[in-house]
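Source file coords16.tsv; content: TSV, C-alpha atoms.
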```
chain	number	residue	atom	x	y	z
A	1	MET	CA	0.00	0.00	0.00
A	2	GLN	CA	1.36	3.39	-1.03
A	3	PRO	CA	1.68	5.79	1.92
A	4	LYS	CA	-0.83	8.59	1.64
A	5	PRO	CA	-0.81	10.89	4.69
A	6	LEU	CA	-4.06	12.76	5.02
A	7	THR	CA	-4.79	16.10	6.68
A	8	ILE	CA	-7.30	16.29	9.51
A	9	ASP	CA	-9.85	17.94	7.19
A	10	GLU	CA	-9.64	15.02	4.78
A	11	ILE	CA	-9.95	12.51	7.62
A	12	ALA	CA	-12.97	14.35	9.04
A	13	ALA	CA	-14.54	14.42	5.59
A	14	ILE	CA	-14.07	10.64	5.20
A	15	VAL	CA	-15.66	10.00	8.61
A	16	ARG	CA	-18.56	12.39	7.85
A	17	ASP	CA	-19.06	10.67	4.52
A	18	LYS	CA	-19.48	7.32	6.25
A	19	PHE	CA	-21.35	8.19	9.47
A	20	GLY	CA	-22.93	11.56	8.92
A	21	ASP	CA	-22.87	14.27	11.53
A	22	VAL	CA	-21.34	12.37	14.49
A	23	ILE	CA	-18.12	14.43	14.77
A	24	SER	CA	-17.41	18.10	15.29
A	25	ASP	CA	-15.51	20.29	12.86
A	26	PRO	CA	-11.74	19.93	13.16
A	27	VAL	CA	-10.24	22.34	15.69
A	28	LYS	CA	-6.75	23.62	14.96
A	29	THR	CA	-4.65	25.16	17.71
A	30	PRO	CA	-0.89	25.85	17.52
A	31	THR	CA	-0.25	22.74	19.59
A	32	ALA	CA	-2.85	20.26	18.40
A	33	GLU	CA	-5.42	19.45	15.75
A	34	PHE	CA	-8.38	17.37	16.76
A	35	PHE	CA	-12.05	16.69	16.29
A	36	THR	CA	-14.57	15.59	18.88
A	37	ILE	CA	-16.89	12.64	18.58
A	38	THR	CA	-20.16	14.27	19.57
A	39	ASP	CA	-22.40	11.20	19.35
A	40	LEU	CA	-20.98	8.64	21.80
A	41	GLU	CA	-23.31	5.96	20.34
A	42	TYR	CA	-21.06	5.94	17.30
A	43	LEU	CA	-17.72	6.16	19.14
A	44	GLN	CA	-16.80	2.51	18.81
A	45	ALA	CA	-17.97	2.33	15.20
A	46	VAL	CA	-15.97	5.45	14.25
A	47	MET	CA	-12.87	4.13	16.01
A	48	TYR	CA	-13.17	0.75	14.30
A	49	PHE	CA	-13.61	2.54	10.98
A	50	LEU	CA	-10.49	4.65	11.66
A	51	ARG	CA	-8.51	1.48	12.24
A	52	GLU	CA	-9.85	-0.58	9.35
A	53	ASP	CA	-10.46	1.82	6.43
A	54	ASP	CA	-7.77	1.54	3.76
A	55	ARG	CA	-7.38	5.31	3.47
A	56	LEU	CA	-6.95	5.80	7.24
A	57	LYS	CA	-5.43	2.62	8.78
A	58	PHE	CA	-4.86	4.03	12.28
A	59	ASN	CA	-3.30	0.82	13.53
A	60	TYR	CA	-1.64	2.35	16.59
A	61	LEU	CA	-3.18	4.08	19.61
A	62	TYR	CA	-0.10	5.66	21.12
A	63	CYS	CA	-1.79	7.40	24.03
A	64	LEU	CA	-5.15	7.63	25.70
A	65	SER	CA	-5.56	10.17	28.45
A	66	GLY	CA	-8.34	11.46	30.64
A	67	VAL	CA	-8.94	15.12	31.46
A	68	ASP	CA	-11.02	16.91	34.09
A	69	ASN	CA	-12.06	20.17	32.44
A	70	ALA	CA	-13.11	21.71	35.79
A	71	ASP	CA	-16.48	22.77	34.31
A	72	GLY	CA	-18.45	19.65	35.14
A	73	THR	CA	-17.20	17.71	32.14
A	74	LEU	CA	-14.55	15.06	31.67
A	75	SER	CA	-12.74	14.29	28.43
A	76	VAL	CA	-10.86	11.41	26.93
A	77	VAL	CA	-8.20	12.18	24.32
A	78	TYR	CA	-7.18	9.49	21.86
A	79	HIS	CA	-3.87	9.83	20.04
A	80	LEU	CA	-3.74	7.75	16.91
A	81	GLU	CA	-1.07	7.03	14.35
A	82	SER	CA	-0.97	5.03	11.16
A	83	LEU	CA	2.32	3.40	11.94
A	84	GLY	CA	4.28	2.15	8.93
A	85	ILE	CA	1.31	2.46	6.53
A	86	HIS	CA	0.33	6.08	5.90
A	87	GLY	CA	2.27	7.79	8.67
A	88	HIS	CA	-0.43	10.32	9.55
A	89	ARG	CA	-1.48	11.13	13.09
A	90	LEU	CA	-4.77	12.17	14.62
A	91	GLU	CA	-6.14	13.38	17.93
A	92	VAL	CA	-9.74	12.56	18.75
A	93	LYS	CA	-11.66	13.71	21.80
A	94	ALA	CA	-14.81	12.54	23.55
A	95	HIS	CA	-16.63	14.28	26.39
A	96	CYS	CA	-18.88	13.16	29.20
A	97	THR	CA	-20.30	14.80	32.32
A	98	VAL	CA	-19.19	14.34	35.92
A	99	GLU	CA	-22.73	13.20	36.82
A	100	LYS	CA	-22.67	10.43	34.22
A	101	PRO	CA	-18.99	9.69	33.54
A	102	GLU	CA	-19.50	7.02	30.90
A	103	ILE	CA	-17.69	6.61	27.61
A	104	PRO	CA	-17.62	3.51	25.38
A	105	SER	CA	-14.43	1.49	25.62
A	106	VAL	CA	-12.02	1.07	22.71
A	107	SER	CA	-10.04	-1.69	24.42
A	108	GLU	CA	-11.40	-4.24	21.97
A	109	ILE	CA	-10.13	-2.15	19.05
A	110	TRP	CA	-6.64	-1.31	20.36
A	111	ARG	CA	-5.22	-3.46	23.14
A	112	THR	CA	-3.18	-0.46	24.32
A	113	ALA	CA	-6.43	1.06	25.54
A	114	ASP	CA	-6.89	-1.70	28.14
A	115	TRP	CA	-4.44	-0.33	30.70
A	116	HIS	CA	-4.81	3.30	29.62
A	117	GLU	CA	-8.55	3.16	30.22
A	118	ARG	CA	-7.96	1.53	33.59
A	119	GLU	CA	-5.64	4.44	34.43
A	120	ALA	CA	-8.23	7.02	33.38
A	121	TYR	CA	-10.82	5.17	35.44
A	122	ASP	CA	-8.50	4.98	38.45
A	123	LEU	CA	-7.44	8.64	38.47
A	124	LEU	CA	-10.52	10.38	37.03
A	125	GLY	CA	-13.37	7.93	37.52
A	126	ILE	CA	-14.37	7.70	33.87
A	127	LYS	CA	-16.30	4.48	33.37
A	128	PHE	CA	-15.48	2.80	30.07
A	129	ILE	CA	-18.54	0.87	28.98
A	130	GLY	CA	-17.57	-2.46	27.48
A	131	HIS	CA	-14.16	-2.71	29.15
A	132	ASN	CA	-13.93	-6.28	30.45
A	133	ASP	CA	-11.58	-5.65	33.40
A	134	LEU	CA	-12.17	-2.12	34.69
A	135	ARG	CA	-10.21	-2.21	37.96
A	136	ARG	CA	-7.90	0.35	39.54
A	137	ILE	CA	-4.39	0.07	38.12
A	138	LEU	CA	-2.23	2.49	40.15
A	139	CYS	CA	-3.97	3.24	43.43
A	140	PRO	CA	-4.62	0.46	45.95
A	141	GLU	CA	-7.92	-1.34	45.41
A	142	ASP	CA	-9.51	0.15	48.54
A	143	TRP	CA	-8.58	3.75	47.65
A	144	GLU	CA	-11.41	6.22	48.04
A	145	GLY	CA	-12.11	8.74	45.29
A	146	HIS	CA	-10.33	9.53	42.07
A	147	PRO	CA	-7.23	11.63	42.78
A	148	LEU	CA	-6.95	13.67	39.57
A	149	ARG	CA	-10.50	15.02	39.82
A	150	LYS	CA	-10.34	18.77	40.42
A	151	ASP	CA	-12.63	18.47	43.45
A	152	TYR	CA	-10.60	15.65	45.04
A	153	LYS	CA	-9.91	16.10	48.74
A	154	VAL	CA	-6.85	14.40	50.17
A	155	ALA	CA	-7.90	11.91	52.84
A	156	GLU	CA	-6.82	12.58	56.42
A	157	TYR	CA	-5.71	8.98	57.05
A	158	TYR	CA	-5.02	5.91	54.95
A	159	HIS	CA	-4.86	2.62	56.91
A	160	GLY	CA	-3.98	4.54	60.06
A	161	ILE	CA	-1.13	6.50	58.43
A	162	ARG	CA	-1.58	10.26	58.40
A	163	VAL	CA	-1.60	11.57	54.83
A	164	PRO	CA	-1.02	15.38	54.97
A	165	TYR	CA	2.48	16.60	55.77
B	1	MET	CA	42.23	-5.55	59.93
B	2	GLY	CA	45.74	-4.16	59.82
B	3	LEU	CA	45.76	-3.48	63.51
B	4	LEU	CA	44.45	-6.93	64.32
B	5	ASP	CA	47.01	-8.64	62.05
B	6	ALA	CA	49.87	-6.72	63.65
B	7	LYS	CA	48.78	-7.80	67.09
B	8	PHE	CA	48.67	-11.47	66.09
B	9	GLU	CA	52.01	-11.26	64.29
B	10	LYS	CA	53.66	-10.15	67.49
B	11	GLY	CA	52.61	-13.50	68.91
B	12	GLY	CA	50.56	-11.73	71.47
B	13	VAL	CA	47.09	-12.10	72.81
B	14	VAL	CA	44.25	-9.77	71.96
B	15	ILE	CA	42.20	-8.83	74.97
B	16	SER	CA	38.80	-7.39	74.37
B	17	LYS	CA	35.36	-7.34	75.85
B	18	VAL	CA	32.92	-9.89	74.40
B	19	GLU	CA	30.61	-6.98	73.86
B	20	ASP	CA	33.16	-5.15	71.73
B	21	LEU	CA	33.93	-8.31	69.76
B	22	LEU	CA	30.27	-8.94	69.08
B	23	ASN	CA	29.67	-5.32	68.13
B	24	TRP	CA	32.70	-5.37	65.86
B	25	SER	CA	31.54	-8.52	64.11
B	26	ARG	CA	28.00	-7.16	63.75
B	27	LEU	CA	29.11	-3.83	62.32
B	28	SER	CA	31.50	-5.60	59.94
B	29	SER	CA	28.70	-7.64	58.39
B	30	MET	CA	25.70	-5.38	58.00
B	31	TRP	CA	23.59	-7.04	55.37
B	32	PRO	CA	20.98	-4.74	53.89
B	33	MET	CA	17.79	-6.02	52.39
B	34	SER	CA	17.88	-5.93	48.63
B	35	PHE	CA	15.02	-3.70	47.63
B	36	GLY	CA	14.65	-0.26	46.15
B	37	LEU	CA	11.62	1.93	45.58
B	38	ALA	CA	12.60	4.73	43.21
B	39	CYS	CA	15.53	6.68	41.76
B	40	CYS	CA	17.47	6.46	45.05
B	41	ALA	CA	17.69	2.73	44.40
B	42	ILE	CA	19.78	3.43	41.29
B	43	GLU	CA	22.23	5.33	43.45
B	44	MET	CA	22.17	2.51	46.01
B	45	MET	CA	22.97	0.00	43.26
B	46	ALA	CA	25.82	2.24	42.10
B	47	THR	CA	27.11	2.16	45.67
B	48	ASN	CA	26.98	-1.63	45.64
B	49	ALA	CA	28.80	-1.79	42.31
B	50	SER	CA	32.53	-1.80	41.70
B	51	ASN	CA	33.27	1.96	41.89
B	52	TYR	CA	32.18	2.36	45.49
B	53	ASP	CA	32.17	-1.34	46.37
B	54	LEU	CA	30.14	-1.64	49.57
B	55	GLU	CA	31.40	-5.19	49.97
B	56	ARG	CA	34.68	-3.90	51.36
B	57	PHE	CA	32.65	-2.88	54.44
B	58	GLY	CA	31.10	-6.34	54.62
B	59	ILE	CA	27.86	-4.89	53.29
B	60	PHE	CA	26.14	-6.83	50.54
B	61	PRO	CA	22.45	-7.10	49.77
B	62	ARG	CA	20.48	-10.14	50.84
B	63	SER	CA	17.33	-11.16	49.06
B	64	SER	CA	15.41	-12.18	52.18
B	65	PRO	CA	14.39	-10.06	55.15
B	66	ARG	CA	15.17	-13.06	57.38
B	67	GLN	CA	18.88	-12.72	56.60
B	68	SER	CA	19.08	-8.95	56.77
B	69	ASP	CA	20.24	-6.59	59.50
B	70	VAL	CA	19.68	-3.30	57.72
B	71	MET	CA	16.83	-1.97	55.66
B	72	ILE	CA	17.80	0.80	53.25
B	73	VAL	CA	14.57	2.54	52.34
B	74	ALA	CA	15.79	3.89	49.00
B	75	GLY	CA	13.08	5.97	47.40
B	76	THR	CA	9.52	7.21	47.48
B	77	VAL	CA	7.28	5.25	49.84
B	78	THR	CA	3.75	5.22	48.44
B	79	PHE	CA	0.78	4.19	50.53
B	80	LYS	CA	0.45	1.12	48.35
B	81	MET	CA	4.03	0.14	49.18
B	82	ALA	CA	3.88	1.22	52.84
B	83	GLU	CA	2.19	-1.98	53.99
B	84	ARG	CA	4.80	-4.08	52.20
B	85	VAL	CA	7.64	-2.06	53.69
B	86	LYS	CA	6.16	-2.49	57.14
B	87	ARG	CA	5.70	-6.22	56.66
B	88	LEU	CA	9.27	-6.65	55.40
B	89	TYR	CA	10.53	-4.71	58.41
B	90	GLU	CA	8.57	-6.96	60.73
B	91	GLN	CA	10.01	-10.05	59.02
B	92	MET	CA	13.58	-8.94	59.74
B	93	THR	CA	15.24	-10.47	62.78
B	94	GLU	CA	16.34	-8.21	65.61
B	95	PRO	CA	18.55	-6.31	66.11
B	96	ARG	CA	17.58	-4.48	62.95
B	97	TYR	CA	18.43	-1.04	61.65
B	98	VAL	CA	16.64	1.23	59.23
B	99	LEU	CA	18.37	3.75	57.00
B	100	SER	CA	16.08	6.25	55.32
B	101	MET	CA	17.74	7.26	52.05
B	102	GLY	CA	16.80	10.47	50.25
B	103	SER	CA	14.28	13.26	50.69
B	104	CYS	CA	11.22	11.16	49.77
B	105	ALA	CA	11.82	8.54	52.44
B	106	ASN	CA	12.87	11.24	54.93
B	107	CYS	CA	9.89	13.57	54.64
B	108	GLY	CA	7.99	13.08	51.38
B	109	GLY	CA	10.49	15.04	49.30
B	110	PRO	CA	9.01	16.89	46.31
B	111	TYR	CA	5.65	15.23	47.00
B	112	TRP	CA	5.30	16.69	50.47
B	113	GLU	CA	2.44	19.02	49.59
B	114	HIS	CA	0.50	17.65	46.63
B	115	GLY	CA	1.45	13.99	46.83
B	116	TYR	CA	-1.81	12.36	47.83
B	117	HIS	CA	-0.22	8.92	47.46
B	118	VAL	CA	3.15	9.46	49.17
B	119	VAL	CA	3.87	8.67	52.81
B	120	LYS	CA	5.41	11.87	54.19
B	121	GLY	CA	8.40	10.15	55.72
B	122	VAL	CA	8.97	6.44	56.21
B	123	ASP	CA	9.26	7.11	59.96
B	124	ARG	CA	5.46	7.30	59.99
B	125	ILE	CA	5.36	3.52	59.53
B	126	ILE	CA	8.67	2.12	60.87
B	127	PRO	CA	11.31	3.50	63.27
B	128	VAL	CA	14.30	5.04	61.47
B	129	ASP	CA	17.86	5.09	62.85
B	130	VAL	CA	19.73	7.13	60.27
B	131	TYR	CA	18.48	9.69	57.75
B	132	VAL	CA	20.57	10.39	54.65
B	133	PRO	CA	19.57	13.67	52.98
B	134	GLY	CA	19.79	14.21	49.23
B	135	CYS	CA	17.72	13.86	46.10
B	136	PRO	CA	19.11	11.34	45.50
B	137	PRO	CA	22.10	11.17	47.88
B	138	ARG	CA	25.46	10.45	46.27
B	139	PRO	CA	27.09	7.10	47.03
B	140	GLU	CA	29.46	8.88	49.43
B	141	ALA	CA	26.45	10.11	51.41
B	142	LEU	CA	24.95	6.63	51.56
B	143	ILE	CA	28.28	5.20	52.71
B	144	GLY	CA	28.37	7.98	55.32
B	145	GLY	CA	24.93	6.92	56.54
B	146	LEU	CA	25.96	3.27	56.72
B	147	MET	CA	29.07	4.23	58.67
B	148	LYS	CA	26.79	6.13	61.04
B	149	ILE	CA	24.95	2.86	61.67
B	150	GLN	CA	28.33	1.20	62.28
B	151	GLU	CA	29.11	3.86	64.88
B	152	LEU	CA	25.71	3.25	66.47
B	153	ILE	CA	26.35	-0.51	66.68
B	154	ARG	CA	29.76	0.19	68.21
B	155	GLU	CA	28.04	2.17	70.98
B	156	GLU	CA	25.57	-0.56	71.88
B	157	GLU	CA	25.70	-2.56	75.10
B	158	PHE	CA	24.29	-5.91	76.19
B	159	GLY	CA	20.78	-5.39	77.39
B	160	GLY	CA	21.09	-1.69	76.69
B	161	LYS	CA	18.50	0.35	74.91
B	162	ARG	CA	18.92	1.63	71.37
B	163	GLU	CA	17.89	5.09	72.54
B	164	ASP	CA	20.72	5.20	75.10
B	165	ALA	CA	23.25	4.17	72.46
B	166	LYS	CA	21.95	6.96	70.23
B	167	LYS	CA	22.35	9.47	73.06
B	168	ARG	CA	25.95	8.37	73.67
B	169	LEU	CA	26.64	8.63	69.95
B	170	ALA	CA	25.14	12.11	69.79
B	171	ALA	CA	27.26	13.21	72.74
B	172	LYS	CA	30.41	12.07	70.92
B	173	SER	CA	29.74	13.82	67.64
B	174	ALA	CA	31.15	17.27	66.99
B	175	PRO	CA	28.62	20.11	66.69
B	176	ALA	CA	27.93	20.89	63.05
B	177	GLU	CA	28.79	24.58	63.50
B	178	GLU	CA	32.33	23.79	64.64
B	179	VAL	CA	32.98	21.52	61.68
B	180	ILE	CA	31.69	24.13	59.26
B	181	MET	CA	33.72	26.90	60.91
B	182	MET	CA	36.84	24.77	60.74
B	183	GLN	CA	36.45	24.40	56.99
B	184	HIS	CA	35.23	27.96	56.33
B	185	PRO	CA	36.75	30.23	58.99
B	186	TYR	CA	35.57	33.39	57.25
B	187	LEU	CA	31.97	32.45	58.11
B	188	ALA	CA	32.62	32.95	61.82
B	189	GLY	CA	30.91	36.32	62.05
B	190	SER	CA	32.68	39.68	62.11
B	191	ALA	CA	35.91	38.36	63.65
B	192	GLY	CA	36.62	36.16	60.65
B	193	GLN	CA	35.56	38.91	58.28
B	194	ALA	CA	37.87	41.41	59.98
B	195	LYS	CA	40.73	38.94	59.86
B	196	LYS	CA	40.20	38.40	56.17
B	197	GLU	CA	40.03	42.14	55.51
B	198	LYS	CA	43.24	42.61	57.43
B	199	GLU	CA	44.92	39.92	55.36
B	200	VAL	CA	43.80	41.61	52.14
B	201	GLU	CA	45.06	44.96	53.44
B	202	GLU	CA	48.42	43.49	54.32
B	203	ALA	CA	48.71	41.88	50.92
B	204	GLU	CA	47.91	45.19	49.25
B	205	THR	CA	50.47	47.15	51.26
B	206	ALA	CA	53.09	44.46	50.58
B	207	ALA	CA	52.46	44.81	46.86
```
Can the structure from this file be put into structure tokens for me?
Amino acid sequence: MQPKPLTIDEIAAIVRDKFGDVISDPVKTPTAEFFTITDLEYLQAVMYFLREDDRLKFNYLYCLSGVDNADGTLSVVYHLESLGIHGHRLEVKAHCTVEKPEIPSVSEIWRTADWHEREAYDLLGIKFIGHNDLRRILCPEDWEGHPLRKDYKVAEYYHGIRVPY
Amino acid sequence: MGLLDAKFEKGGVVISKVEDLLNWSRLSSMWPMSFGLACCAIEMMATNASNYDLERFGIFPRSSPRQSDVMIVAGTVTFKMAERVKRLYEQMTEPRYVLSMGSCANCGGPYWEHGYHVVKGVDRIIPVDVYVPGCPPRPEALIGGLMKIQELIREEEFGGKREDAKKRLAAKSAPAEEVIMMQHPYLAGSAGQAKKEKEVEEAETAA
């Protein structure tokens, strides 16, 4: 297959062509270019399409991170690359609310997402629907709360050990 | 060893207290437990390796707490690890010594304020005998800390308390100010400053 790196506008157009209006317009900042998947019902389908379509072939999820936006919403950022095929990269975002922190899992599409989603669940409390082993990965299993939430309060004691300095 | 060899070569008899002999043999074979928690462990491994060669002090890491005398807490103690550290300490046979290596183990280090997961000092879970400051401490500093434990063992008595030995050790050590002043006499307030100014003046007039 001949390498054919695409711009984010072209990628967005391909996705729109296939699924209709399930993604936002591409946003371009000096540091990143991304689009947001607005309809979470289609998240897994879009991601699978990104991996499988011959023009896109995003075979590599090189990072998945969670974000607390401090305005009552949480985000997940997917960093994709077409490694060794087209060479293009892409950032995709998905949002959910703090009240209902649920986002479909992509761990079945990229195995990398398994541990990364567990990390986002552990530190931010984002529940990945469809993840088959959504346990804490860094904090102890009996840890209370999700430490990277903006409203997280450090516990006074953990197992009888004082936490604050 | 040189001193001991010389005494035997003279065909003589070495007279010592059993206590001193036991203390000497204990401090000459301090076996630390082989475990590290963070970047300090890299420095600890460097200290074990050929450049600094801890084995010349009879110190070499053991892989079981049952065979260890010393626990070097080398690195950041997280709450997840704290229970394991405590259990390993309890599995060590007495008498046992704990050396807290680096800022994290001493007081939480850079995580002291916002580190929700870091124990702010390993002395919150196990008693510590010697603290080695640094981030991470150089091998020389770690060796200094281990030699401090050797001094502590040398001070110990049969049936005596560790606390008393520590007090005797503290009484023997020189005050930090004196040591600093000895190395940097010009720091000793106005007197040193005046002396230095006088020296400069003399040098100028001589020229």
>> Only residues of chain A matter here; which ones have an atom within 8 Å of chain B, counting all atoms listed in the file? Give them as a list of chain:residue names.
In response: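 Applying the cut-off to the listed atoms yields A:Cys139, A:Pro140, A:Pro147, A:Val154, A:Ala155, A:Tyr158, A:Ile161, A:Arg162, A:Val163, A:Pro164, A:Tyr165.
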>> One number please: atom CA of A:Pro3 to atom CA of A:Gly84, in Å, one decimal.
In response: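 Pair atom CA of A:Pro3 / atom CA of A:Gly84 returns 8.3 Å.
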> Is there a way to get, as a list in words, all residues within 9 Å of the point (-17.0, 8.0, 34.9) in file coordinates, counting all atoms listed in the file?
Replying inline: Leu74, Cys96, Thr97, Val98, Glu99, Lys100, Pro101, Glu102, Ile103, Ala120, Tyr121, Leu124, Gly125, Ile126, Lys127 and Phe128 of chain A
Can those selected residues be exported to a file as a PDB file, in the frame of the given file so that it contains C-alpha atoms?
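And here is the file that came out, selection_36.pdb:
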```
ATOM      1  CA  LEU A  74     -14.550  15.060  31.670  1.00  0.00           C
ATOM      2  CA  CYS A  96     -18.880  13.160  29.200  1.00  0.00           C
ATOM      3  CA  THR A  97     -20.300  14.800  32.320  1.00  0.00           C
ATOM      4  CA  VAL A  98     -19.190  14.340  35.920  1.00  0.00           C
ATOM      5  CA  GLU A  99     -22.730  13.200  36.820  1.00  0.00           C
ATOM      6  CA  LYS A 100     -22.670  10.430  34.220  1.00  0.00           C
ATOM      7  CA  PRO A 101     -18.990   9.690  33.540  1.00  0.00           C
ATOM      8  CA  GLU A 102     -19.500   7.020  30.900  1.00  0.00           C
ATOM      9  CA  ILE A 103     -17.690   6.610  27.610  1.00  0.00           C
ATOM     10  CA  ALA A 120      -8.230   7.020  33.380  1.00  0.00           C
ATOM     11  CA  TYR A 121     -10.820   5.170  35.440  1.00  0.00           C
ATOM     12  CA  LEU A 124     -10.520  10.380  37.030  1.00  0.00           C
ATOM     13  CA  GLY A 125     -13.370   7.930  37.520  1.00  0.00           C
ATOM     14  CA  ILE A 126     -14.370   7.700  33.870  1.00  0.00           C
ATOM     15  CA  LYS A 127     -16.300   4.480  33.370  1.00  0.00           C
ATOM     16  CA  PHE A 128     -15.480   2.800  30.070  1.00  0.00           C
TER      17      PHE A 128
END
```
> Distance atom CA of A:Trp143-atom CA of A:Asp122, one decimal place?
Replying inline: 9.3 Å
> Around (14.2, 7.3, 65.9) in the file's frame, which residues reach within 12 Å when counting only C-alpha atoms? Return as an NGL selection string?
Replying inline: :B and (97-100 or 106 or 122-131 or 162-167)
>> Using all atoms listed in the file, which protein or nucleic acid residues come within 10 Å of B:Pro136? Drop anything in the same chain fewer than 5 positions from it, and give the result as a list of chain:residue names.
In response: B:Ala38, B:Cys39, B:Cys40, B:Ala41, B:Ile42, B:Glu43, B:Met44, B:Ala74, B:Gly75, B:Met101, B:Gly102, B:Ser103, B:Cys104, B:Ala141, B:Leu142
>> Please determine, counting all atoms listed in the file, which residue among B:Ser28, B:Ser68, B:Thr76, B:Ser34 has the shortest atom-to-atom distance to B:Glu55.
In response: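 Checking each of B:Ser28, B:Ser68, B:Thr76, B:Ser34 against B:Glu55, counting all atoms listed in the file, the winner is B:Ser28.
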Find the axis-aligned box for stretch 63-71 of chain A, covering all its listed atoms and adding 3 Å on each side, and write its centre and edge lengths in Å to one decimal as JSON.
```
{"center_x": -9.1, "center_y": 15.1, "center_z": 29.9, "size_x": 20.7, "size_y": 21.4, "size_z": 17.8}
```
>> Show me, as a PyMOL selection string, the residues that have an atom within 7 Å of A:Val76 when counting only C-alpha atoms, minus same-chain residues fewer than 5 positions from it.
In response: chain A and resi 64-67+93-95
> What lies within 12 Å of B:Asn23 using all atoms listed in the file, ignoring chain neighbours under 4 positions off, as a list in words?
Replying inline: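 Contacts, with the query itself left out: Ser16, Lys17, Val18, Glu19, Leu27, Ser28, Ser29, Met30, Pro95, Ile149, Gln150, Glu151, Leu152, Ile153, Arg154, Glu155, Glu156, Glu157 and Phe158 of chain B.
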>> So that I can check the surroundings of stretch 44-47 of chain A, please list as a list of chain:residue names every protein, DNA and RNA residue that reaches within 9 Å of it, counting all atoms listed in the file and ignoring chain neighbours fewer than 6 positions away.
In response: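 That gives A:Val15, A:Lys18, A:Phe19, A:Val22, A:Ile37, A:Phe58, A:Pro104, A:Ser105, A:Val106, A:Ile109.
From atom CA of A:Thr112 back to atom CA of A:Ser24, the distance works out to 25.1 Å.
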>> Report as a list in words all protein, DNA and RNA residues lying within 9 Å of B:Leu88, evaluated on only C-alpha atoms, omitting residues in the same chain fewer than 5 positions from it.
In response: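 Residues meeting the cut-off are Ser64, Pro65, Arg66, Met71 and Glu83 of chain B.
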